[in-house]
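*Asks:* Next comes the structure file final08.txt, holding compact mmCIF, C-alpha atoms.
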# COMPACT_ATOMS: atom_id res chain seq x y z
CA MET C 1 0.00 0.00 0.00
CA ASP C 2 1.22 3.42 -0.96
CA ASP C 3 1.77 5.56 2.13
CA ALA C 4 1.42 8.77 0.15
CA LYS C 5 -2.20 7.91 -0.56
CA GLU C 6 -2.95 7.99 3.15
CA LYS C 7 -1.72 11.53 3.57
CA SER C 8 -3.74 14.68 3.12
CA THR C 9 -1.39 17.29 1.70
CA GLN C 10 -1.72 20.97 1.12
CA GLN C 11 0.25 22.80 -1.51
CA PRO C 12 1.16 26.47 -1.96
CA VAL C 13 -1.78 28.37 -3.40
CA ASP C 14 -1.63 29.38 -7.04
CA VAL C 15 -2.76 33.00 -7.03
CA GLN C 16 -4.50 32.44 -10.35
CA VAL C 17 -7.24 30.41 -8.66
CA PRO C 18 -10.56 31.74 -10.05
CA ALA C 19 -12.62 33.83 -7.62
CA ALA C 20 -15.54 31.45 -8.15
CA VAL C 21 -13.46 28.58 -6.75
CA VAL C 22 -12.59 30.65 -3.68
CA SER C 23 -16.23 31.45 -2.98
CA ARG C 24 -17.12 27.76 -3.35
CA LEU C 25 -14.42 26.99 -0.75
CA SER C 26 -16.42 29.17 1.65
CA LEU C 27 -19.53 27.14 0.89
CA TYR C 28 -17.70 23.83 1.43
CA LEU C 29 -16.45 25.19 4.75
CA ARG C 30 -20.00 26.09 5.89
CA GLU C 31 -21.23 22.64 4.86
CA LEU C 32 -18.39 20.85 6.69
CA GLN C 33 -18.98 22.92 9.82
CA GLU C 34 -22.64 21.91 9.71
CA LEU C 35 -21.75 18.24 9.25
CA VAL C 36 -19.46 18.36 12.30
CA ARG C 37 -22.22 19.99 14.35
CA ALA C 38 -24.43 17.08 13.26
CA GLY C 39 -21.79 14.66 14.57
CA GLN C 40 -20.40 13.47 11.24
CA GLU C 41 -16.66 12.71 11.07
CA THR C 42 -16.13 12.02 7.38
CA THR C 43 -17.78 13.01 4.13
CA ASN C 44 -17.10 12.78 0.41
CA SER C 45 -17.34 14.89 -2.71
CA THR C 46 -20.79 13.56 -3.61
CA GLN C 47 -22.32 14.42 -0.24
CA LEU C 48 -20.48 17.73 -0.04
CA GLY C 49 -21.63 18.76 -3.50
CA LYS C 50 -25.18 17.49 -3.23
CA LYS C 51 -26.57 20.00 -0.73
CA LEU C 52 -24.83 22.83 -2.57
CA GLY C 53 -26.00 21.75 -6.01
CA PHE C 54 -22.53 20.96 -7.39
CA THR C 55 -21.34 17.71 -8.97
CA ASP C 56 -18.82 15.54 -7.11
CA ALA C 57 -16.35 16.21 -9.96
CA GLN C 58 -16.65 19.96 -9.35
CA VAL C 59 -15.93 19.54 -5.63
CA ARG C 60 -12.86 17.38 -6.31
CA LYS C 61 -11.59 19.76 -8.99
CA ASP C 62 -12.01 22.79 -6.72
CA LEU C 63 -10.15 21.18 -3.82
CA ALA C 64 -7.43 19.88 -6.16
CA TYR C 65 -6.32 23.50 -6.71
CA PHE C 66 -5.02 23.44 -3.15
CA GLY C 67 -3.79 19.92 -2.50
CA GLN C 68 -4.78 16.32 -1.93
CA PHE C 69 -7.32 16.02 0.87
CA GLY C 70 -9.21 12.76 0.35
CA TYR C 71 -8.44 9.25 1.59
CA PRO C 72 -9.28 6.23 -0.56
CA GLY C 73 -12.25 4.38 0.89
CA ILE C 74 -12.85 7.08 3.50
CA GLY C 75 -13.34 10.37 1.71
CA TYR C 76 -12.62 13.61 3.55
CA ARG C 77 -12.03 13.80 7.29
CA CYS C 78 -14.07 16.83 8.41
CA GLU C 79 -11.75 17.72 11.29
CA GLU C 80 -8.86 17.81 8.85
CA LEU C 81 -10.48 19.48 5.84
CA ILE C 82 -12.00 22.31 7.91
CA PRO C 83 -8.66 23.67 9.21
CA ALA C 84 -7.10 23.12 5.77
CA ILE C 85 -9.76 25.26 4.06
CA LYS C 86 -9.48 27.86 6.82
CA ARG C 87 -5.73 28.04 6.24
CA ILE C 88 -6.31 28.51 2.52
CA LEU C 89 -8.92 31.22 3.07
CA GLY C 90 -6.80 32.85 5.74
CA THR C 91 -9.53 32.43 8.36
CA ASP C 92 -7.38 30.19 10.55
CA ARG C 93 -6.42 33.46 12.25
CA SER C 94 -8.45 36.36 13.63
CA TRP C 95 -8.73 39.46 11.43
CA PRO C 96 -9.23 42.83 13.11
CA VAL C 97 -11.64 44.74 10.86
CA ALA C 98 -12.77 48.37 10.68
CA VAL C 99 -16.14 49.50 9.35
CA VAL C 100 -16.26 53.00 7.90
CA GLY C 101 -19.73 54.54 7.74
CA LEU C 102 -22.33 54.33 10.50
CA GLY C 103 -25.42 54.67 8.36
CA ASN C 104 -27.94 51.85 8.08
CA LEU C 105 -25.57 49.59 6.15
CA GLY C 106 -22.64 50.13 8.52
CA ARG C 107 -24.86 49.47 11.52
CA ALA C 108 -26.29 46.35 9.88
CA LEU C 109 -22.72 45.10 9.32
CA LEU C 110 -21.79 45.77 12.97
CA GLY C 111 -24.74 43.61 14.01
CA TYR C 112 -23.94 40.84 11.52
CA ARG C 113 -23.03 37.75 13.51
CA GLY C 114 -21.70 35.80 10.54
CA PHE C 115 -18.41 37.75 10.55
CA ASP C 116 -17.34 36.71 14.04
CA GLU C 117 -18.09 33.07 13.31
CA GLN C 118 -15.48 33.07 10.54
CA GLY C 119 -12.78 34.95 12.43
CA PHE C 120 -13.52 38.52 11.37
CA ARG C 121 -13.61 40.77 14.44
CA VAL C 122 -14.96 44.26 13.88
CA VAL C 123 -12.94 46.27 16.40
CA ALA C 124 -13.65 49.86 15.35
CA ALA C 125 -16.21 51.88 13.42
CA PHE C 126 -15.77 55.33 11.92
CA ASP C 127 -17.98 58.16 10.75
CA VAL C 128 -17.71 61.91 10.19
CA ASP C 129 -21.04 62.73 11.89
CA PRO C 130 -20.53 63.43 15.62
CA ASP C 131 -24.15 62.36 16.28
CA GLN C 132 -23.28 58.82 15.18
CA LEU C 133 -20.32 58.65 17.56
CA GLN C 134 -22.10 59.21 20.88
CA GLN C 135 -21.85 55.58 21.91
CA ASP C 136 -20.63 52.13 20.95
CA VAL C 137 -22.70 50.29 18.35
CA ASP C 138 -23.20 46.59 19.04
CA SER C 139 -20.27 46.80 21.50
CA VAL C 140 -17.97 48.21 18.81
CA GLU C 141 -16.09 51.40 19.69
CA THR C 142 -16.82 54.34 17.36
CA PHE C 143 -14.38 57.06 16.27
CA HIS C 144 -14.31 60.14 14.09
CA LEU C 145 -12.83 59.43 10.66
CA ASP C 146 -10.00 61.85 11.49
CA ARG C 147 -8.66 59.27 13.92
CA LEU C 148 -8.61 56.43 11.37
CA SER C 149 -4.86 56.22 10.91
CA GLU C 150 -4.12 56.28 14.63
CA VAL C 151 -6.78 53.66 15.50
CA VAL C 152 -5.85 51.34 12.60
CA LYS C 153 -2.29 51.25 13.91
CA GLU C 154 -3.26 50.94 17.57
CA LYS C 155 -5.68 48.07 16.96
CA ALA C 156 -3.57 46.44 14.22
CA ILE C 157 -6.52 46.57 11.82
CA ARG C 158 -5.86 44.65 8.58
CA LEU C 159 -9.14 44.93 6.67
CA GLY C 160 -11.48 47.88 6.08
CA ILE C 161 -15.15 47.73 5.08
CA ILE C 162 -16.43 50.75 3.18
CA ALA C 163 -20.09 51.44 3.95
CA VAL C 164 -20.27 55.12 3.04
CA PRO C 165 -22.15 56.81 0.16
CA ALA C 166 -20.57 56.44 -3.29
CA ALA C 167 -19.34 60.04 -3.33
CA ALA C 168 -17.18 59.50 -0.22
CA ALA C 169 -15.92 55.99 -1.03
CA GLN C 170 -12.67 56.86 -2.81
CA GLU C 171 -11.60 59.32 -0.11
CA VAL C 172 -12.26 56.70 2.57
CA ALA C 173 -10.44 54.03 0.57
CA THR C 174 -7.38 56.26 0.23
CA LYS C 175 -7.42 56.97 3.98
CA LEU C 176 -7.63 53.23 4.73
CA VAL C 177 -4.72 52.49 2.41
CA ASP C 178 -2.64 55.32 3.88
CA ALA C 179 -3.39 53.97 7.35
CA GLY C 180 -1.90 50.65 6.26
CA VAL C 181 -4.74 48.16 5.79
CA ASP C 182 -4.08 45.16 3.52
CA GLY C 183 -7.54 44.80 2.05
CA VAL C 184 -10.75 46.69 1.39
CA LEU C 185 -14.30 45.36 1.11
CA ASN C 186 -16.32 47.94 -0.79
CA PHE C 187 -20.12 48.18 -0.61
CA ALA C 188 -20.25 51.52 -2.43
CA PRO C 189 -21.29 51.19 -6.10
CA VAL C 190 -18.06 52.65 -7.48
CA THR C 191 -14.79 51.21 -8.75
CA LEU C 192 -11.96 52.26 -6.44
CA ALA C 193 -8.48 53.29 -7.52
CA LEU C 194 -6.15 51.47 -5.11
CA PRO C 195 -2.46 50.59 -5.23
CA ASP C 196 -1.67 47.03 -6.37
CA HIS C 197 -0.47 45.87 -2.97
CA VAL C 198 -3.94 46.38 -1.47
CA SER C 199 -6.50 43.64 -2.11
CA ARG C 200 -10.04 44.64 -2.81
CA VAL C 201 -13.43 42.94 -3.14
CA GLY C 202 -16.51 44.81 -4.31
CA VAL C 203 -19.98 43.83 -3.19
CA ASP C 204 -22.83 44.47 -5.62
CA LEU C 205 -26.08 43.40 -3.99
CA ALA C 206 -28.02 43.71 -7.25
CA ILE C 207 -26.04 40.71 -8.56
CA GLU C 208 -27.67 38.55 -5.90
CA LEU C 209 -31.10 39.70 -7.06
CA GLU C 210 -30.11 39.00 -10.66
CA GLN C 211 -29.24 35.42 -9.70
CA LEU C 212 -32.74 35.19 -8.29
CA SER C 213 -34.52 36.66 -11.32
CA PHE C 214 -32.45 34.35 -13.54
CA ALA C 215 -33.60 31.36 -11.48
CA VAL C 216 -37.25 32.47 -11.64
CA VAL C 217 -37.24 33.25 -15.37
CA ASN C 218 -35.43 30.05 -16.33
CA ARG C 219 -37.47 27.60 -14.28
CA PRO C 220 -38.68 24.68 -16.38
CA GLU C 221 -42.33 25.68 -15.82
CA ASN C 222 -41.61 29.33 -16.79
CA PRO C 223 -40.53 29.11 -20.42
CA MET W 1 -19.78 34.01 -46.99
CA ASP W 2 -21.94 32.20 -44.46
CA ASP W 3 -24.91 34.36 -43.50
CA ALA W 4 -25.38 32.49 -40.25
CA LYS W 5 -22.03 33.83 -39.05
CA GLU W 6 -23.39 37.35 -39.25
CA LYS W 7 -26.28 36.62 -36.92
CA SER W 8 -26.26 36.88 -33.17
CA THR W 9 -28.56 34.16 -31.87
CA GLN W 10 -29.91 33.37 -28.47
CA GLN W 11 -30.91 29.89 -27.46
CA PRO W 12 -33.19 28.56 -24.70
CA VAL W 13 -31.36 28.59 -21.38
CA ASP W 14 -30.19 25.28 -19.99
CA VAL W 15 -31.23 25.38 -16.33
CA GLN W 16 -28.07 23.53 -15.39
CA VAL W 17 -25.93 26.61 -16.04
CA PRO W 18 -23.59 26.96 -13.02
CA ALA W 19 -24.42 29.79 -10.63
CA ALA W 20 -20.89 31.14 -11.11
CA VAL W 21 -21.57 31.65 -14.82
CA VAL W 22 -24.77 33.55 -14.00
CA SER W 23 -22.97 35.88 -11.62
CA ARG W 24 -20.30 36.50 -14.27
CA LEU W 25 -23.09 37.45 -16.70
CA SER W 26 -23.98 40.21 -14.23
CA LEU W 27 -20.39 41.41 -14.29
CA TYR W 28 -20.26 41.38 -18.11
CA LEU W 29 -23.48 43.39 -18.13
CA ARG W 30 -22.00 46.05 -15.78
CA GLU W 31 -18.89 46.25 -17.95
CA LEU W 32 -20.88 46.59 -21.18
CA GLN W 33 -23.07 49.28 -19.65
CA GLU W 34 -19.93 51.19 -18.68
CA LEU W 35 -18.46 50.81 -22.18
CA VAL W 36 -21.64 52.23 -23.72
CA ARG W 37 -21.54 55.17 -21.30
CA ALA W 38 -17.97 55.74 -22.51
CA GLY W 39 -19.24 55.83 -26.09
CA GLN W 40 -17.97 52.44 -27.23
CA GLU W 41 -20.14 50.52 -29.71
CA THR W 42 -18.33 47.18 -29.95
CA THR W 43 -16.06 45.11 -27.75
CA ASN W 44 -14.56 41.63 -27.66
CA SER W 45 -13.93 38.81 -25.22
CA THR W 46 -10.37 39.98 -24.49
CA GLN W 47 -11.40 43.51 -23.55
CA LEU W 48 -14.49 42.32 -21.69
CA GLY W 49 -12.47 39.83 -19.67
CA LYS W 50 -9.48 42.03 -19.02
CA LYS W 51 -11.00 44.52 -16.62
CA LEU W 52 -12.73 41.72 -14.75
CA GLY W 53 -9.65 39.51 -14.53
CA PHE W 54 -11.01 36.67 -16.70
CA THR W 55 -9.42 35.16 -19.78
CA ASP W 56 -11.01 35.73 -23.19
CA ALA W 57 -11.68 31.98 -23.38
CA GLN W 58 -13.68 32.16 -20.13
CA VAL W 59 -15.81 35.01 -21.48
CA ARG W 60 -16.53 33.16 -24.72
CA LYS W 61 -17.33 29.92 -22.89
CA ASP W 62 -19.68 31.68 -20.48
CA LEU W 63 -21.60 33.41 -23.25
CA ALA W 64 -21.70 30.21 -25.32
CA TYR W 65 -24.06 28.71 -22.73
CA PHE W 66 -26.69 31.10 -23.99
CA GLY W 67 -26.10 31.48 -27.71
CA GLN W 68 -23.87 32.93 -30.40
CA PHE W 69 -23.32 36.63 -29.85
CA GLY W 70 -20.09 37.59 -31.59
CA TYR W 71 -19.47 38.69 -35.17
CA PRO W 72 -16.29 37.69 -37.00
CA GLY W 73 -13.97 40.66 -37.34
CA ILE W 74 -16.21 42.85 -35.14
CA GLY W 75 -16.64 41.16 -31.78
CA TYR W 76 -19.70 41.93 -29.71
CA ARG W 77 -22.07 44.78 -30.46
CA CYS W 78 -22.73 46.36 -27.05
CA GLU W 79 -26.25 47.53 -27.91
CA GLU W 80 -27.12 43.96 -28.88
CA LEU W 81 -25.33 42.02 -26.15
CA ILE W 82 -26.71 44.19 -23.32
CA PRO W 83 -30.39 43.44 -24.02
CA ALA W 84 -29.51 39.78 -24.70
CA ILE W 85 -27.87 39.40 -21.27
CA LYS W 86 -30.77 41.28 -19.65
CA ARG W 87 -33.22 38.86 -21.28
CA ILE W 88 -31.20 35.91 -19.97
CA LEU W 89 -31.01 37.36 -16.45
CA GLY W 90 -34.66 38.35 -16.55
CA THR W 91 -33.81 42.01 -15.99
CA ASP W 92 -35.28 43.06 -19.33
CA ARG W 93 -38.45 43.59 -17.28
CA SER W 94 -39.21 45.41 -14.04
CA TRP W 95 -39.50 43.26 -10.90
CA PRO W 96 -41.71 44.48 -8.07
CA VAL W 97 -39.85 43.53 -4.88
CA ALA W 98 -40.83 43.48 -1.19
CA VAL W 99 -38.36 43.92 1.68
CA VAL W 100 -39.34 42.27 4.97
CA GLY W 101 -37.61 43.68 8.03
CA LEU W 102 -37.08 47.39 8.70
CA GLY W 103 -34.00 47.11 10.89
CA ASN W 104 -30.67 48.55 9.78
CA LEU W 105 -30.20 45.99 7.00
CA GLY W 106 -33.73 46.43 5.61
CA ARG W 107 -33.34 50.21 5.66
CA ALA W 108 -29.94 49.96 3.98
CA LEU W 109 -31.50 47.84 1.23
CA LEU W 110 -34.33 50.36 0.73
CA GLY W 111 -31.69 53.05 0.20
CA TYR W 112 -29.60 50.89 -2.15
CA ARG W 113 -29.66 52.54 -5.55
CA GLY W 114 -28.12 49.59 -7.38
CA PHE W 115 -31.42 47.67 -7.38
CA ASP W 116 -33.39 50.23 -9.37
CA GLU W 117 -30.66 50.49 -11.99
CA GLN W 118 -31.07 46.79 -12.83
CA GLY W 119 -34.86 46.76 -12.89
CA PHE W 120 -35.65 45.78 -9.29
CA ARG W 121 -38.26 48.11 -7.86
CA VAL W 122 -38.81 47.86 -4.10
CA VAL W 123 -42.51 48.70 -3.83
CA ALA W 124 -43.30 47.70 -0.24
CA ALA W 125 -41.56 47.08 3.07
CA PHE W 126 -42.88 45.11 6.03
CA ASP W 127 -42.19 44.86 9.75
CA VAL W 128 -44.02 43.74 12.89
CA ASP W 129 -42.93 46.75 14.96
CA PRO W 130 -45.52 49.57 14.70
CA ASP W 131 -42.78 52.12 15.50
CA GLN W 132 -41.04 51.23 12.23
CA LEU W 133 -44.22 51.76 10.22
CA GLN W 134 -44.93 55.41 11.04
CA GLN W 135 -43.79 56.65 7.66
CA ASP W 136 -42.39 55.70 4.27
CA VAL W 137 -38.69 54.80 4.17
CA ASP W 138 -36.80 56.13 1.15
CA SER W 139 -40.21 56.71 -0.52
CA VAL W 140 -41.17 53.05 -0.04
CA GLU W 141 -44.56 52.40 1.59
CA THR W 142 -44.37 50.40 4.84
CA PHE W 143 -46.90 47.85 6.10
CA HIS W 144 -47.44 45.54 9.05
CA LEU W 145 -46.39 41.98 8.25
CA ASP W 146 -50.02 40.90 8.76
CA ARG W 147 -50.87 42.65 5.49
CA LEU W 148 -48.16 40.84 3.47
CA SER W 149 -50.47 38.56 1.49
CA GLU W 150 -52.87 41.34 0.58
CA VAL W 151 -50.12 43.79 -0.46
CA VAL W 152 -48.15 41.18 -2.44
CA LYS W 153 -51.24 40.48 -4.52
CA GLU W 154 -52.25 44.12 -4.87
CA LYS W 155 -48.79 45.23 -6.01
CA ALA W 156 -48.06 42.06 -8.02
CA ILE W 157 -44.85 41.51 -6.03
CA ARG W 158 -42.71 38.69 -7.47
CA LEU W 159 -39.60 38.68 -5.25
CA GLY W 160 -39.18 38.98 -1.49
CA ILE W 161 -36.03 40.03 0.38
CA ILE W 162 -35.72 38.65 3.92
CA ALA W 163 -33.88 41.09 6.21
CA VAL W 164 -35.18 39.89 9.57
CA PRO W 165 -33.27 38.17 12.41
CA ALA W 166 -32.47 34.48 11.87
CA ALA W 167 -35.14 33.33 14.33
CA ALA W 168 -37.92 34.96 12.29
CA ALA W 169 -36.63 34.11 8.81
CA GLN W 170 -38.45 30.82 8.21
CA GLU W 171 -41.80 32.23 9.31
CA VAL W 172 -41.35 35.20 6.98
CA ALA W 173 -40.27 32.93 4.13
CA THR W 174 -43.37 30.78 4.55
CA LYS W 175 -45.58 33.89 4.56
CA LEU W 176 -43.91 35.15 1.37
CA VAL W 177 -44.41 31.78 -0.34
CA ASP W 178 -48.05 31.59 0.78
CA ALA W 179 -48.57 35.11 -0.56
CA GLY W 180 -47.38 33.86 -3.95
CA VAL W 181 -43.88 35.26 -4.56
CA ASP W 182 -41.69 33.40 -7.07
CA GLY W 183 -38.33 33.97 -5.41
CA VAL W 184 -36.73 34.78 -2.08
CA LEU W 185 -33.42 36.54 -1.40
CA ASN W 186 -32.38 35.62 2.12
CA PHE W 187 -29.93 37.67 4.19
CA ALA W 188 -30.62 35.72 7.40
CA PRO W 189 -27.89 33.19 8.25
CA VAL W 190 -30.21 30.16 8.09
CA THR W 191 -31.11 27.61 5.45
CA LEU W 192 -34.78 28.00 4.54
CA ALA W 193 -37.20 25.16 3.86
CA LEU W 194 -39.11 26.26 0.75
CA PRO W 195 -41.19 24.41 -1.83
CA ASP W 196 -39.37 23.52 -5.06
CA HIS W 197 -41.33 25.95 -7.21
CA VAL W 198 -39.91 28.93 -5.29
CA SER W 199 -36.40 30.07 -6.24
CA ARG W 200 -34.08 31.15 -3.51
CA VAL W 201 -30.67 32.81 -3.19
CA GLY W 202 -28.89 33.14 0.14
CA VAL W 203 -26.52 36.02 0.85
CA ASP W 204 -23.65 35.32 3.25
CA LEU W 205 -21.65 38.51 3.69
CA ALA W 206 -18.81 36.68 5.46
CA ILE W 207 -18.04 34.96 2.14
CA GLU W 208 -17.11 38.35 0.69
CA LEU W 209 -14.71 38.95 3.57
CA GLU W 210 -13.26 35.47 3.07
CA GLN W 211 -12.53 36.33 -0.57
CA LEU W 212 -10.65 39.33 0.76
CA SER W 213 -8.64 37.46 3.40
CA PHE W 214 -7.81 34.83 0.75
CA ALA W 215 -6.52 37.57 -1.54
CA VAL W 216 -4.44 39.13 1.24
CA VAL W 217 -2.97 35.85 2.49
CA ASN W 218 -2.16 34.55 -0.97
CA ARG W 219 -0.52 37.66 -2.36
CA PRO W 220 2.84 36.88 -3.94
CA GLU W 221 4.65 39.06 -1.35
CA ASN W 222 2.79 37.39 1.58
CA PRO W 223 3.95 33.78 1.52
Could I get this file's structure written as C-alpha cells?
*Replies:*
Amino acid sequence: MDDAKEKSTQQPVDVQVPAAVVSRLSLYLRELQELVRAGQETTNSTQLGKKLGFTDAQVRKDLAYFGQFGYPGIGYRCEELIPAIKRILGTDRSWPVAVVGLGNLGRALLGYRGFDEQGFRVVAAFDVDPDQLQQDVDSVETFHLDRLSEVVKEKAIRLGIIAVPAAAAQEVATKLVDAGVDGVLNFAPVTLALPDHVSRVGVDLAIELEQLSFAVVNRPENP
Amino acid sequence: MDDAKEKSTQQPVDVQVPAAVVSRLSLYLRELQELVRAGQETTNSTQLGKKLGFTDAQVRKDLAYFGQFGYPGIGYRCEELIPAIKRILGTDRSWPVAVVGLGNLGRALLGYRGFDEQGFRVVAAFDVDPDQLQQDVDSVETFHLDRLSEVVKEKAIRLGIIAVPAAAAQEVATKLVDAGVDGVLNFAPVTLALPDHVSRVGVDLAIELEQLSFAVVNRPENP
C-alpha cells in the first residue's frame, strides 16, 4: 500500500485560482462545519456537493487547486479538511476589521453575527457625523474618521469595510490604504483606484437579485 | 460568406448553467453598460475579460451557454449584447420587490440605488414593529407583516427580500411563499425550507470577507 495515498497534503496556493473557486471553498467550509455539528466525522465529494448543487467532480476539482485532501475508501475527514480550508482562506487566524460609515448599512454590518463566526472581528467603526459617535454600536467602539490612521495602527486593523455613500468611497479608501490596511471590502457602487499591494473585493447586492430573477425566469415551468 | 455567421442568436437557457456563470453574466453586463456610457459601440472577449480579470476563453465559454453573440472581425455589439444578457437574467423587465424587516439591514436595502438600476423596484416594506411603520422609508410604503399577502397580490410583487433576524426568517419565508412570490433573497444566516417551485438565493456577507482574506494571504509578497 502506498503511504502517500494515506496523507492529506496541502500545496502552496496558485494566485491564479478563479474567484468562483474561492467562494465555493467558503460554501464547502459552511457545509463541513454543519456536518461536524451534526456529529459526522467524514464526508465525500458527492455528499459535499449534493446539498450545494454541485457535482462531485466539481468539488474534487475545486479542492485539487489546493492539495490532496481525500483518503481512498474514507473520503474527507471533516476535522482535517475544515482547518485546511481555513488556512487557505486565511480564516485560521483572527482578522481585526474596521467598518467606515455608520449609516444603516454600517450598523447592519456591525450587528452581523456571521463575521465573528469566521474569524472577522470588527474592532472599530468610523464616521464623520458626531451624532453617530455618541456611543458604541453593538459593543464596537466608534471614532471620528479623522482618527482612522491612529486607530488602525493601535488596533492592528488589517481589513477595512467601506459602507459610506458612493461620493465618499474613494476618499475613505485612500485613507484606509494610507493607514496601512491590507484589504478593502467595498459596498459603495463605485470602482476604487487602489495601489496594487492592497487587495479589494466589491460587493454588488443587485447581482444577488439578478441570480434570483435568472432562477425564476429560467425555471422549467416558466418558459 | 456564411450568412449564419453574421447573426447573433440566443438559445433557450439550460437550467443547469452553473451559478458562477450567471454571476459572471452580471459582471459582463455592468462592464458593457460602462463601455456604452464611454461611447464604445463594440467590444470583444479579451477587452471584456481584461477589466474583470477573466481570460477571453472564459468570457466566450460563459456566453456560449446562452447562444452565439459575436461577429467575426467585429466582436460583440454592445447595444445587442446588453439586451440579450438582460433577457437571460430576466432584468429586461421590471420586478416588483418586497423587503421584509425594517432594521438597519432592511433600511440599507431600501436606500440601495443599485437595485433600481437593474430593474428591481422595491414597492413595499414590512415589519411587525408599529414604531417602524410610522412613515415611508426612502419613498417606499411600509406595512405591518399581517398585510403581506394582501399587499403582495395588490402590487403584483414577485420577489421577497428577507432582512429579519435568523429566528424569524423561516416564518417570513413561509408567509412570502403563501402570498405567492416566485423567489426569495435571504440575508438571514439560516437555510430555509421552501417548496421547489420557489427560487431562492442566500446572501452570506462573510463569504465576501473570506474572498478578501484569501486575496491578502495569498498575495505573492505574503507567503
*Asks:* Please, what distance in Å, to one decimal, runs between CA of Pro96 (chain W) and CA of Ala124 (chain W)?
*Replies:*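 These two atoms are separated by 8.6 Å.
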*Asks:* List every protein, DNA or RNA residue that has at least one atom no more than 10 Å from (-8.3, 55.6, -2.9) in the file's coordinates, counting only C-alpha atoms, and write the result as a list in words.
*Replies:*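 Answer for this query, in the requested form: Ala169, Gln170, Glu171, Val172, Ala173, Thr174, Lys175, Leu176, Val177, Asp178, Thr191, Leu192, Ala193, Leu194 and Pro195 of chain C.
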*Asks:* Distance limit 7 Å, atoms considered: all atoms listed in the file. Which chain C residues sit that close to chain W? Return them as an NGL selection string.
*Replies:* :C and (13 or 15 or 20 or 22-23 or 26 or 88-90 or 104-105 or 107-108 or 114-115 or 182-183 or 185 or 199-201 or 206-207 or 209-219)
*Asks:* Could you work out how far CA of Asp127 (chain W) lies from CA of Gly101 (chain C), giving the answer in Å with one decimal?
*Replies:*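 Atom-to-atom, CA of Gly101 (chain C) to CA of Asp127 (chain W), that is 24.5 Å.
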*Asks:* Quote the spacing between CA of Glu41 (chain W) and CA of Ser94 (chain W) in Å to one decimal place.
*Replies:*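 For CA of Glu41 (chain W) relative to CA of Ser94 (chain W), the distance reads 25.2 Å.
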*Asks:* Could you name the residues that touch Val140 (chain W) at 9 Å or less, counting all atoms listed in the file, but leaving out those on the same chain fewer than 4 positions away, as a list in words?
*Replies:* Leu110, Val122, Val123, Ala124, Ala125, Gln135 and Asp136 of chain W
*Asks:* With 8 Å on each side, where is the centre of the axis-aligned box around all listed atoms of region 70-83 of chain W, and how long are its edges in Å to one decimal, as AutoDock Vina command-line options?
*Replies:*
--center_x -22.2 --center_y 42.6 --center_z -30.3 --size_x 32.4 --size_y 25.9 --size_z 30.0
*Asks:* If you count only C-alpha atoms, which residues fall within 10 Å of Phe126 (chain W), apart from same-chain ones fewer than 4 positions away, as a list in words?
*Replies:*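 Residues meeting the cut-off are Ala98, Val99, Val100, Gly101, Leu102, Gly106, Gln132, Leu133, Glu141, Thr142, Phe143, His144, Leu145, Asp146, Arg147, Leu148, Val151, Ile162, Ala163 and Val164 of chain W.
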*Asks:* Kindly save the residues from that selection, with C-alpha atoms included, as a tab-separated table (two decimals), in the frame of the given file.
*Replies:*
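What landed in part-v3.tsv:
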chain	number	residue	atom	x	y	z
W	98	ALA	CA	-40.83	43.48	-1.19
W	99	VAL	CA	-38.36	43.92	1.68
W	100	VAL	CA	-39.34	42.27	4.97
W	101	GLY	CA	-37.61	43.68	8.03
W	102	LEU	CA	-37.08	47.39	8.70
W	106	GLY	CA	-33.73	46.43	5.61
W	132	GLN	CA	-41.04	51.23	12.23
W	133	LEU	CA	-44.22	51.76	10.22
W	141	GLU	CA	-44.56	52.40	1.59
W	142	THR	CA	-44.37	50.40	4.84
W	143	PHE	CA	-46.90	47.85	6.10
W	144	HIS	CA	-47.44	45.54	9.05
W	145	LEU	CA	-46.39	41.98	8.25
W	146	ASP	CA	-50.02	40.90	8.76
W	147	ARG	CA	-50.87	42.65	5.49
W	148	LEU	CA	-48.16	40.84	3.47
W	151	VAL	CA	-50.12	43.79	-0.46
W	162	ILE	CA	-35.72	38.65	3.92
W	163	ALA	CA	-33.88	41.09	6.21
W	164	VAL	CA	-35.18	39.89	9.57
*Asks:* Let me make sure I understand: among W:Val152, W:Glu80, W:Tyr71, W:Ala64, which one has the smallest atom-to-atom distance to Leu29 (chain W) if we use all atoms listed in the file?
*Replies:*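 Distance minimum relative to Leu29 (chain W) lands on W:Glu80.
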*Asks:* Any idea what's packed within 10 Å of region 81-84 of chain C, counting all atoms listed in the file, ignoring anything in its chain fewer than 4 positions away? Could you give it as a list in words?
*Replies:*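 Contacts, with the query itself left out: Ser8, Thr9, Gln10, Tyr28, Leu29, Arg30, Glu31, Leu32, Gln33, Val36, Thr42, Thr43, Leu63, Phe66, Gly67, Phe69, Gly70, Tyr76, Arg77, Ile88, Leu89, Gly90, Thr91 and Asp92 of chain C.
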*Asks:* Could you check the closest approach to Gln47 (chain C) for each of C:Ile85, C:Leu35, C:Ala168, C:Val128 and tell me which residue wins, using all atoms listed in the file?
*Replies:*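 Using all atoms listed in the file, the shortest distance to Gln47 (chain C) belongs to C:Leu35.
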